[in-house]
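Chemist: Quick one, entry13.pdb (PDB, C-alpha atoms):
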```pdb
ATOM      1  CA  MET A   1      60.987 143.395 216.244
ATOM      2  CA  PHE A   2      57.206 143.373 216.581
ATOM      3  CA  GLU A   3      55.274 146.428 215.508
ATOM      4  CA  LYS A   4      51.908 147.441 216.833
ATOM      5  CA  PRO A   5      49.078 146.740 214.402
ATOM      6  CA  ARG A   6      47.792 149.731 212.494
ATOM      7  CA  ARG A   7      44.686 151.362 213.752
ATOM      8  CA  TRP A   8      41.526 151.434 211.635
ATOM      9  CA  TRP A   9      41.953 155.159 210.969
ATOM     10  CA  HIS A  10      45.353 154.694 209.383
ATOM     11  CA  GLY A  11      45.640 156.875 206.259
ATOM     12  CA  ALA A  12      46.017 153.946 203.873
ATOM     13  CA  HIS A  13      42.942 152.260 205.323
ATOM     14  CA  LEU A  14      40.823 155.375 204.877
ATOM     15  CA  GLY A  15      42.288 155.931 201.408
ATOM     16  CA  ARG A  16      41.509 152.341 200.389
ATOM     17  CA  CYS A  17      37.917 152.762 201.582
ATOM     18  CA  ALA A  18      37.583 156.103 199.778
ATOM     19  CA  LEU A  19      38.920 154.609 196.541
ATOM     20  CA  GLY A  20      36.555 151.674 196.982
ATOM     21  CA  PHE A  21      33.575 154.013 197.353
ATOM     22  CA  VAL A  22      34.663 156.021 194.288
ATOM     23  CA  PHE A  23      34.736 152.899 192.119
ATOM     24  CA  LEU A  24      31.573 151.487 193.694
ATOM     25  CA  TYR A  25      29.725 154.704 192.841
ATOM     26  CA  SER A  26      31.215 154.787 189.345
ATOM     27  CA  GLY A  27      30.248 151.199 188.583
ATOM     28  CA  ALA A  28      26.789 151.484 190.138
ATOM     29  CA  VAL A  29      25.948 154.638 188.160
ATOM     30  CA  LYS A  30      26.992 152.927 184.924
ATOM     31  CA  LEU A  31      25.025 149.766 185.731
ATOM     32  CA  ALA A  32      21.946 151.829 186.536
ATOM     33  CA  ASP A  33      21.971 153.409 183.065
ATOM     34  CA  LEU A  34      23.662 150.986 180.664
ATOM     35  CA  PRO A  35      22.223 152.520 177.449
ATOM     36  CA  THR A  36      23.773 155.909 178.231
ATOM     37  CA  PHE A  37      27.096 154.290 179.093
ATOM     38  CA  HIS A  38      26.908 152.277 175.854
ATOM     39  CA  ASN A  39      26.517 155.539 173.900
ATOM     40  CA  ASP A  40      29.507 156.955 175.794
ATOM     41  CA  VAL A  41      31.597 153.906 174.826
ATOM     42  CA  LEU A  42      30.554 154.252 171.191
ATOM     43  CA  GLY A  43      31.372 157.980 171.316
ATOM     44  CA  TYR A  44      35.075 157.193 171.643
ATOM     45  CA  GLN A  45      34.925 155.574 168.178
ATOM     46  CA  MET A  46      37.397 152.900 169.221
ATOM     47  CA  VAL A  47      35.154 149.819 169.440
ATOM     48  CA  TYR A  48      31.911 148.890 167.711
ATOM     49  CA  GLY A  49      29.355 146.124 167.628
ATOM     50  CA  PRO A  50      29.420 143.246 170.099
ATOM     51  CA  LEU A  51      32.763 144.314 171.583
ATOM     52  CA  ALA A  52      31.267 147.658 172.603
ATOM     53  CA  GLY A  53      28.379 145.790 174.226
ATOM     54  CA  TRP A  54      30.767 143.568 176.179
ATOM     55  CA  ILE A  55      32.783 146.577 177.325
ATOM     56  CA  THR A  56      29.579 148.349 178.340
ATOM     57  CA  VAL A  57      28.652 145.494 180.654
ATOM     58  CA  LEU A  58      32.062 144.317 181.869
ATOM     59  CA  VAL A  59      33.624 147.648 182.854
ATOM     60  CA  PRO A  60      30.966 148.544 185.461
ATOM     61  CA  VAL A  61      30.836 144.985 186.792
ATOM     62  CA  ILE A  62      34.624 144.913 187.199
ATOM     63  CA  GLU A  63      34.523 148.325 188.872
ATOM     64  CA  VAL A  64      31.960 147.108 191.408
ATOM     65  CA  ILE A  65      33.869 143.868 192.100
ATOM     66  CA  VAL A  66      37.147 145.735 192.531
ATOM     67  CA  ALA A  67      35.461 148.265 194.828
ATOM     68  CA  LEU A  68      34.013 145.516 197.006
ATOM     69  CA  CYS A  69      37.433 143.869 197.209
ATOM     70  CA  LEU A  70      38.927 147.132 198.439
ATOM     71  CA  LEU A  71      36.129 147.806 200.911
ATOM     72  CA  PHE A  72      36.199 144.300 202.401
ATOM     73  CA  ARG A  73      40.002 144.058 202.225
ATOM     74  CA  ARG A  74      40.085 140.983 200.043
ATOM     75  CA  LEU A  75      42.590 140.588 197.198
ATOM     76  CA  VAL A  76      43.680 144.197 197.704
ATOM     77  CA  ALA A  77      46.818 143.857 195.581
ATOM     78  CA  ALA A  78      44.894 142.311 192.679
ATOM     79  CA  ALA A  79      42.121 144.900 192.966
ATOM     80  CA  SER A  80      44.673 147.725 193.009
ATOM     81  CA  ALA A  81      46.430 146.278 189.976
ATOM     82  CA  ALA A  82      43.080 146.042 188.153
ATOM     83  CA  ILE A  83      42.354 149.685 188.988
ATOM     84  CA  LEU A  84      45.775 150.732 187.708
ATOM     85  CA  GLY A  85      45.129 148.868 184.454
ATOM     86  CA  MET A  86      41.660 150.342 184.006
ATOM     87  CA  LEU A  87      42.877 153.876 184.729
ATOM     88  CA  THR A  88      45.674 153.451 182.185
ATOM     89  CA  VAL A  89      43.233 152.313 179.498
ATOM     90  CA  PHE A  90      40.731 155.065 180.383
ATOM     91  CA  THR A  91      43.421 157.758 180.248
ATOM     92  CA  PHE A  92      44.762 156.639 176.885
ATOM     93  CA  GLY A  93      41.201 156.369 175.538
ATOM     94  CA  ILE A  94      40.399 159.928 176.585
ATOM     95  CA  GLY A  95      43.700 161.156 175.153
ATOM     96  CA  TYR A  96      43.011 159.334 171.882
ATOM     97  CA  ALA A  97      39.551 160.906 171.632
ATOM     98  CA  MET A  98      40.988 164.353 172.385
ATOM     99  CA  GLN A  99      43.687 163.898 169.741
ATOM    100  CA  ARG A 100      41.006 163.054 167.177
ATOM    101  CA  GLY A 101      39.000 166.120 168.177
ATOM    102  CA  LEU A 102      35.963 164.168 169.380
ATOM    103  CA  ASP A 103      33.511 165.917 171.662
ATOM    104  CA  ILE A 104      32.872 163.098 174.119
ATOM    105  CA  ARG A 105      31.415 162.586 177.534
ATOM    106  CA  CYS A 106      33.808 160.867 179.875
ATOM    107  CA  GLY A 107      31.183 158.396 181.088
ATOM    108  CA  CYS A 108      33.109 158.040 184.343
ATOM    109  CA  PHE A 109      30.540 159.020 186.932
ATOM    110  CA  GLY A 110      27.337 159.283 184.929
ATOM    111  CA  PRO A 111      25.489 162.612 184.893
ATOM    112  CA  ALA A 112      27.694 163.920 187.727
ATOM    113  CA  ALA A 113      30.624 164.055 185.291
ATOM    114  CA  ASP A 114      28.893 165.848 182.413
ATOM    115  CA  LYS A 115      31.027 168.912 183.058
ATOM    116  CA  MET A 116      34.315 166.969 183.030
ATOM    117  CA  THR A 117      36.303 167.910 179.967
ATOM    118  CA  GLY A 118      39.051 165.777 178.450
ATOM    119  CA  PRO A 119      41.987 167.467 180.241
ATOM    120  CA  LEU A 120      40.140 167.401 183.567
ATOM    121  CA  SER A 121      39.306 163.705 183.099
ATOM    122  CA  ILE A 122      42.946 162.943 182.356
ATOM    123  CA  ALA A 123      44.052 164.891 185.443
ATOM    124  CA  VAL A 124      41.558 163.015 187.637
ATOM    125  CA  ASN A 125      42.704 159.677 186.199
ATOM    126  CA  ILE A 126      46.374 160.504 186.786
ATOM    127  CA  GLY A 127      45.585 161.563 190.355
ATOM    128  CA  LEU A 128      43.662 158.344 190.994
ATOM    129  CA  PHE A 129      46.484 156.355 189.361
ATOM    130  CA  LEU A 130      49.146 157.871 191.642
ATOM    131  CA  PHE A 131      46.921 157.448 194.703
ATOM    132  CA  THR A 132      46.240 153.793 193.839
ATOM    133  CA  LEU A 133      49.946 153.216 193.265
ATOM    134  CA  TRP A 134      50.668 154.609 196.736
ATOM    135  CA  LEU A 135      47.956 152.415 198.279
ATOM    136  CA  LEU A 136      49.325 149.342 196.517
ATOM    137  CA  ALA A 137      52.873 150.076 197.695
ATOM    138  CA  ASP A 138      51.633 150.621 201.246
ATOM    139  CA  HIS A 139      49.618 147.405 201.145
ATOM    140  CA  LEU A 140      52.552 145.377 199.846
ATOM    141  CA  ARG A 141      54.878 146.896 202.431
ATOM    142  CA  GLY A 142      52.332 146.294 205.165
ATOM    143  CA  SER A 143      51.601 142.725 204.146
ATOM    144  CA  ARG A 144      55.322 141.979 204.113
ATOM    145  CA  ASP A 145      55.708 143.483 207.594
ATOM    146  CA  GLU A 146      52.706 141.583 208.937
ATOM    147  CA  ARG A 147      53.999 138.164 207.889
ATOM    148  CA  PRO A 148      55.223 136.151 210.820
ATOM    149  CA  GLY A 149      58.968 135.735 210.713
ATOM    150  CA  TYR A 150      59.276 132.119 211.794
ATOM    151  CA  THR A 151      62.816 130.895 212.129
ATOM    152  CA  PHE A 152      64.260 127.824 213.677
ATOM    153  CA  SER A 153      66.095 128.343 216.876
ATOM    154  CA  ARG A 154      69.675 127.118 216.869
ATOM    155  CA  ASP A 155      68.897 125.275 220.055
ATOM    156  CA  LEU A 156      66.400 123.068 218.236
ATOM    157  CA  LEU A 157      68.989 122.073 215.685
ATOM    158  CA  LYS A 158      71.585 120.985 218.253
ATOM    159  CA  ARG A 159      71.822 117.305 219.077
ATOM    160  CA  LYS A 160      71.964 116.246 222.650
TER     161      LYS A 160
END
```
Kindly transcribe the structure held in the file into structure tokens.

Modeler:
Amino acid sequence: MFEKPRRWWHGAHLGRCALGFVFLYSGAVKLADLPTFHNDVLGYQMVYGPLAGWITVLVPVIEVIVALCLLFRRLVAAASAAILGMLTVFTFGIGYAMQRGLDIRCGCFGPAADKMTGPLSIAVNIGLFLFTLWLLADHLRGSRDERPGYTFSRDLLKRK
């Protein structure tokens, strides 16, 4: 009936922390060099003007917030859902740029990702998507199992 609590080294816990550090690094690198990330956003030729500026600022900020939520285990389901949404948009954006024959930089991890080509970026995004989906499913299963199952005893309902 009662299960032992998971240890800190449980695979999902380590995976959640690793994913949090990946997105924390990604967001921090973009925030450190916003002009370069702005040029990367414009390189996709999907958004222009003020919208590109908003995307340039909001994407790294959201990545950092989501990463901190994962690392401090707050709003894990919402953070995972946000990551799934961002990865979906990023993957379709890269695919759209590849279909148009654009020679773009991914912009994912700053200068560390200069060598990432379109197909490699899509593969990384799909891998992160599947991993995040697994973490979300594990979190939802775990949070359901950790809820106390309070029920009324039949003895309490009996009249004397």

Chemist: Any chance you could work out the residue set of the PyMOL selection byres ((chain A and resi 43) around 10) here, as a PDB file with C-alpha atoms, in the coordinates of the input?

Modeler:
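As a result, part04.pdb now contains:
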```pdb
ATOM      1  CA  PHE A  37      27.096 154.290 179.093  1.00  0.00           C
ATOM      2  CA  HIS A  38      26.908 152.277 175.854  1.00  0.00           C
ATOM      3  CA  ASN A  39      26.517 155.539 173.900  1.00  0.00           C
ATOM      4  CA  ASP A  40      29.507 156.955 175.794  1.00  0.00           C
ATOM      5  CA  VAL A  41      31.597 153.906 174.826  1.00  0.00           C
ATOM      6  CA  LEU A  42      30.554 154.252 171.191  1.00  0.00           C
ATOM      7  CA  TYR A  44      35.075 157.193 171.643  1.00  0.00           C
ATOM      8  CA  GLN A  45      34.925 155.574 168.178  1.00  0.00           C
ATOM      9  CA  MET A  46      37.397 152.900 169.221  1.00  0.00           C
ATOM     10  CA  VAL A  47      35.154 149.819 169.440  1.00  0.00           C
ATOM     11  CA  TYR A  48      31.911 148.890 167.711  1.00  0.00           C
ATOM     12  CA  ALA A  97      39.551 160.906 171.632  1.00  0.00           C
ATOM     13  CA  LEU A 102      35.963 164.168 169.380  1.00  0.00           C
ATOM     14  CA  ASP A 103      33.511 165.917 171.662  1.00  0.00           C
ATOM     15  CA  ILE A 104      32.872 163.098 174.119  1.00  0.00           C
ATOM     16  CA  ARG A 105      31.415 162.586 177.534  1.00  0.00           C
ATOM     17  CA  CYS A 106      33.808 160.867 179.875  1.00  0.00           C
ATOM     18  CA  GLY A 107      31.183 158.396 181.088  1.00  0.00           C
TER      19      GLY A 107
END
```

Chemist: Which one of A:Leu135, A:Met86, A:Leu130, A:Leu34 sits closest to Leu14 (chain A) if you count only C-alpha atoms?

Modeler: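 Answer, going by the shortest atom-to-atom distance: A:Leu135.
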
Chemist: For CA of Ile126 (chain A) and CA of Thr56 (chain A), quote the distance in Å rounded to one decimal.

Modeler: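 According to the coordinates, CA of Ile126 (chain A) and CA of Thr56 (chain A) are separated by 22.4 Å.
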
Chemist: Residues within 12 Å of Val57 (chain A), please, as an MDAnalysis selection string. Count only C-alpha atoms; anything in the same chain fewer than 2 positions from it doesn't count.

Modeler: chainID A and resid 27:28 30:38 41 50:55 59:64

Chemist: Any chance you could resolve the PyMOL selection byres ((chain A and resi 122) around 12) against this file and give the residues as a tab-separated table (two decimals) with C-alpha atoms, keeping the file's coordinate frame?

Modeler:
```tsv
chain	number	residue	atom	x	y	z
A	87	LEU	CA	42.88	153.88	184.73
A	88	THR	CA	45.67	153.45	182.18
A	89	VAL	CA	43.23	152.31	179.50
A	90	PHE	CA	40.73	155.06	180.38
A	91	THR	CA	43.42	157.76	180.25
A	92	PHE	CA	44.76	156.64	176.88
A	93	GLY	CA	41.20	156.37	175.54
A	94	ILE	CA	40.40	159.93	176.58
A	95	GLY	CA	43.70	161.16	175.15
A	96	TYR	CA	43.01	159.33	171.88
A	97	ALA	CA	39.55	160.91	171.63
A	98	MET	CA	40.99	164.35	172.38
A	106	CYS	CA	33.81	160.87	179.88
A	108	CYS	CA	33.11	158.04	184.34
A	116	MET	CA	34.32	166.97	183.03
A	117	THR	CA	36.30	167.91	179.97
A	118	GLY	CA	39.05	165.78	178.45
A	119	PRO	CA	41.99	167.47	180.24
A	120	LEU	CA	40.14	167.40	183.57
A	121	SER	CA	39.31	163.71	183.10
A	123	ALA	CA	44.05	164.89	185.44
A	124	VAL	CA	41.56	163.01	187.64
A	125	ASN	CA	42.70	159.68	186.20
A	126	ILE	CA	46.37	160.50	186.79
A	127	GLY	CA	45.58	161.56	190.36
A	128	LEU	CA	43.66	158.34	190.99
A	129	PHE	CA	46.48	156.35	189.36
```

Chemist: Report as a list in words the residues that result from applying the PyMOL selection byres ((chain A and resi 81) around 12) to the structure here.

Modeler: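 Applying the expression gives Val66, Cys69, Leu70, Leu75, Val76, Ala77, Ala78, Ala79, Ser80, Ala82, Ile83, Leu84, Gly85, Met86, Leu87, Thr88, Phe129, Thr132, Leu133, Trp134, Leu135, Leu136, Ala137, His139 and Leu140 of chain A.
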
Chemist: Report, in Å with one decimal, the straight-line distance from CA of Val22 (chain A) to CA of Gly101 (chain A).

Modeler: 28.3 Å

Chemist: Separation of CA of Ser26 (chain A) and CA of Ala12 (chain A), in Å?

Modeler: 20.8 Å

Chemist: I'd like the box whose edges run along x, y and z of the file and which contains every listed atom of region 128-141 of chain A, padded by 4 Å per side; could you state its centre and edge lengths in Å, one decimal, as AutoDock Vina command-line options?

Modeler:
```
--center_x 49.3 --center_y 151.9 --center_z 195.9 --size_x 19.2 --size_y 21.0 --size_z 21.1
```

Chemist: I'd like to know which of A:Phe131, A:Val29, A:Arg141, A:Gln99 is closest to Gly15 (chain A), using all atoms listed in the file.

Modeler: A:Phe131

Chemist: Model the absent atoms of region 73-101 of chain A so that N, CA and C atoms are present, and write the result as a JSON list (two decimals), keeping the file's coordinate frame.

Modeler:
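Generated output (rebuild-v8.json):
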```
[["chain", "number", "residue", "atom", "x", "y", "z"],
["A", 73, "ARG", "N", 38.59, 144.41, 202.07],
["A", 73, "ARG", "CA", 40.00, 144.06, 202.22],
["A", 73, "ARG", "C", 40.28, 142.62, 201.80],
["A", 74, "ARG", "N", 39.83, 142.29, 200.64],
["A", 74, "ARG", "CA", 40.08, 140.98, 200.04],
["A", 74, "ARG", "C", 40.78, 141.21, 198.71],
["A", 75, "LEU", "N", 41.84, 140.49, 198.45],
["A", 75, "LEU", "CA", 42.59, 140.59, 197.20],
["A", 75, "LEU", "C", 42.94, 142.04, 196.87],
["A", 76, "VAL", "N", 43.43, 142.77, 197.86],
["A", 76, "VAL", "CA", 43.68, 144.20, 197.70],
["A", 76, "VAL", "C", 44.73, 144.45, 196.63],
["A", 77, "ALA", "N", 45.78, 143.64, 196.59],
["A", 77, "ALA", "CA", 46.82, 143.86, 195.58],
["A", 77, "ALA", "C", 46.27, 143.63, 194.18],
["A", 78, "ALA", "N", 45.48, 142.59, 194.00],
["A", 78, "ALA", "CA", 44.89, 142.31, 192.68],
["A", 78, "ALA", "C", 43.89, 143.40, 192.29],
["A", 79, "ALA", "N", 43.09, 143.84, 193.25],
["A", 79, "ALA", "CA", 42.12, 144.90, 192.97],
["A", 79, "ALA", "C", 42.84, 146.20, 192.60],
["A", 80, "SER", "N", 43.91, 146.51, 193.32],
["A", 80, "SER", "CA", 44.67, 147.72, 193.01],
["A", 80, "SER", "C", 45.31, 147.63, 191.63],
["A", 81, "ALA", "N", 45.84, 146.47, 191.30],
["A", 81, "ALA", "CA", 46.43, 146.28, 189.98],
["A", 81, "ALA", "C", 45.37, 146.42, 188.88],
["A", 82, "ALA", "N", 44.17, 145.90, 189.13],
["A", 82, "ALA", "CA", 43.08, 146.04, 188.15],
["A", 82, "ALA", "C", 42.70, 147.51, 187.98],
["A", 83, "ILE", "N", 42.66, 148.26, 189.08],
["A", 83, "ILE", "CA", 42.35, 149.68, 188.99],
["A", 83, "ILE", "C", 43.43, 150.41, 188.20],
["A", 84, "LEU", "N", 44.69, 150.09, 188.45],
["A", 84, "LEU", "CA", 45.78, 150.73, 187.71],
["A", 84, "LEU", "C", 45.65, 150.45, 186.21],
["A", 85, "GLY", "N", 45.31, 149.21, 185.86],
["A", 85, "GLY", "CA", 45.13, 148.87, 184.45],
["A", 85, "GLY", "C", 43.96, 149.60, 183.83],
["A", 86, "MET", "N", 42.83, 149.64, 184.54],
["A", 86, "MET", "CA", 41.66, 150.34, 184.01],
["A", 86, "MET", "C", 41.94, 151.83, 183.84],
["A", 87, "LEU", "N", 42.57, 152.44, 184.83],
["A", 87, "LEU", "CA", 42.88, 153.88, 184.73],
["A", 87, "LEU", "C", 43.82, 154.17, 183.57],
["A", 88, "THR", "N", 44.77, 153.27, 183.32],
["A", 88, "THR", "CA", 45.67, 153.45, 182.18],
["A", 88, "THR", "C", 44.90, 153.41, 180.87],
["A", 89, "VAL", "N", 44.02, 152.43, 180.73],
["A", 89, "VAL", "CA", 43.23, 152.31, 179.50],
["A", 89, "VAL", "C", 42.30, 153.51, 179.35],
["A", 90, "PHE", "N", 41.65, 153.92, 180.45],
["A", 90, "PHE", "CA", 40.73, 155.06, 180.38],
["A", 90, "PHE", "C", 41.48, 156.33, 179.97],
["A", 91, "THR", "N", 42.65, 156.54, 180.55],
["A", 91, "THR", "CA", 43.42, 157.76, 180.25],
["A", 91, "THR", "C", 43.86, 157.79, 178.79],
["A", 92, "PHE", "N", 44.36, 156.67, 178.29],
["A", 92, "PHE", "CA", 44.76, 156.64, 176.88],
["A", 92, "PHE", "C", 43.55, 156.78, 175.96],
["A", 93, "GLY", "N", 42.42, 156.22, 176.35],
["A", 93, "GLY", "CA", 41.20, 156.37, 175.54],
["A", 93, "GLY", "C", 40.75, 157.81, 175.46],
["A", 94, "ILE", "N", 40.78, 158.51, 176.58],
["A", 94, "ILE", "CA", 40.40, 159.93, 176.58],
["A", 94, "ILE", "C", 41.39, 160.75, 175.77],
["A", 95, "GLY", "N", 42.68, 160.45, 175.94],
["A", 95, "GLY", "CA", 43.70, 161.16, 175.15],
["A", 95, "GLY", "C", 43.55, 160.91, 173.66],
["A", 96, "TYR", "N", 43.21, 159.68, 173.29],
["A", 96, "TYR", "CA", 43.01, 159.33, 171.88],
["A", 96, "TYR", "C", 41.82, 160.11, 171.31],
["A", 97, "ALA", "N", 40.73, 160.17, 172.09],
["A", 97, "ALA", "CA", 39.55, 160.91, 171.63],
["A", 97, "ALA", "C", 39.85, 162.40, 171.52],
["A", 98, "MET", "N", 40.62, 162.93, 172.46],
["A", 98, "MET", "CA", 40.99, 164.35, 172.38],
["A", 98, "MET", "C", 41.86, 164.63, 171.16],
["A", 99, "GLN", "N", 42.79, 163.72, 170.89],
["A", 99, "GLN", "CA", 43.69, 163.90, 169.74],
["A", 99, "GLN", "C", 42.91, 163.89, 168.44],
["A", 100, "ARG", "N", 41.83, 163.12, 168.38],
["A", 100, "ARG", "CA", 41.01, 163.05, 167.18],
["A", 100, "ARG", "C", 39.98, 164.18, 167.12],
["A", 101, "GLY", "N", 39.92, 164.99, 168.16],
["A", 101, "GLY", "CA", 39.00, 166.12, 168.18],
["A", 101, "GLY", "C", 37.56, 165.74, 168.44]]
```
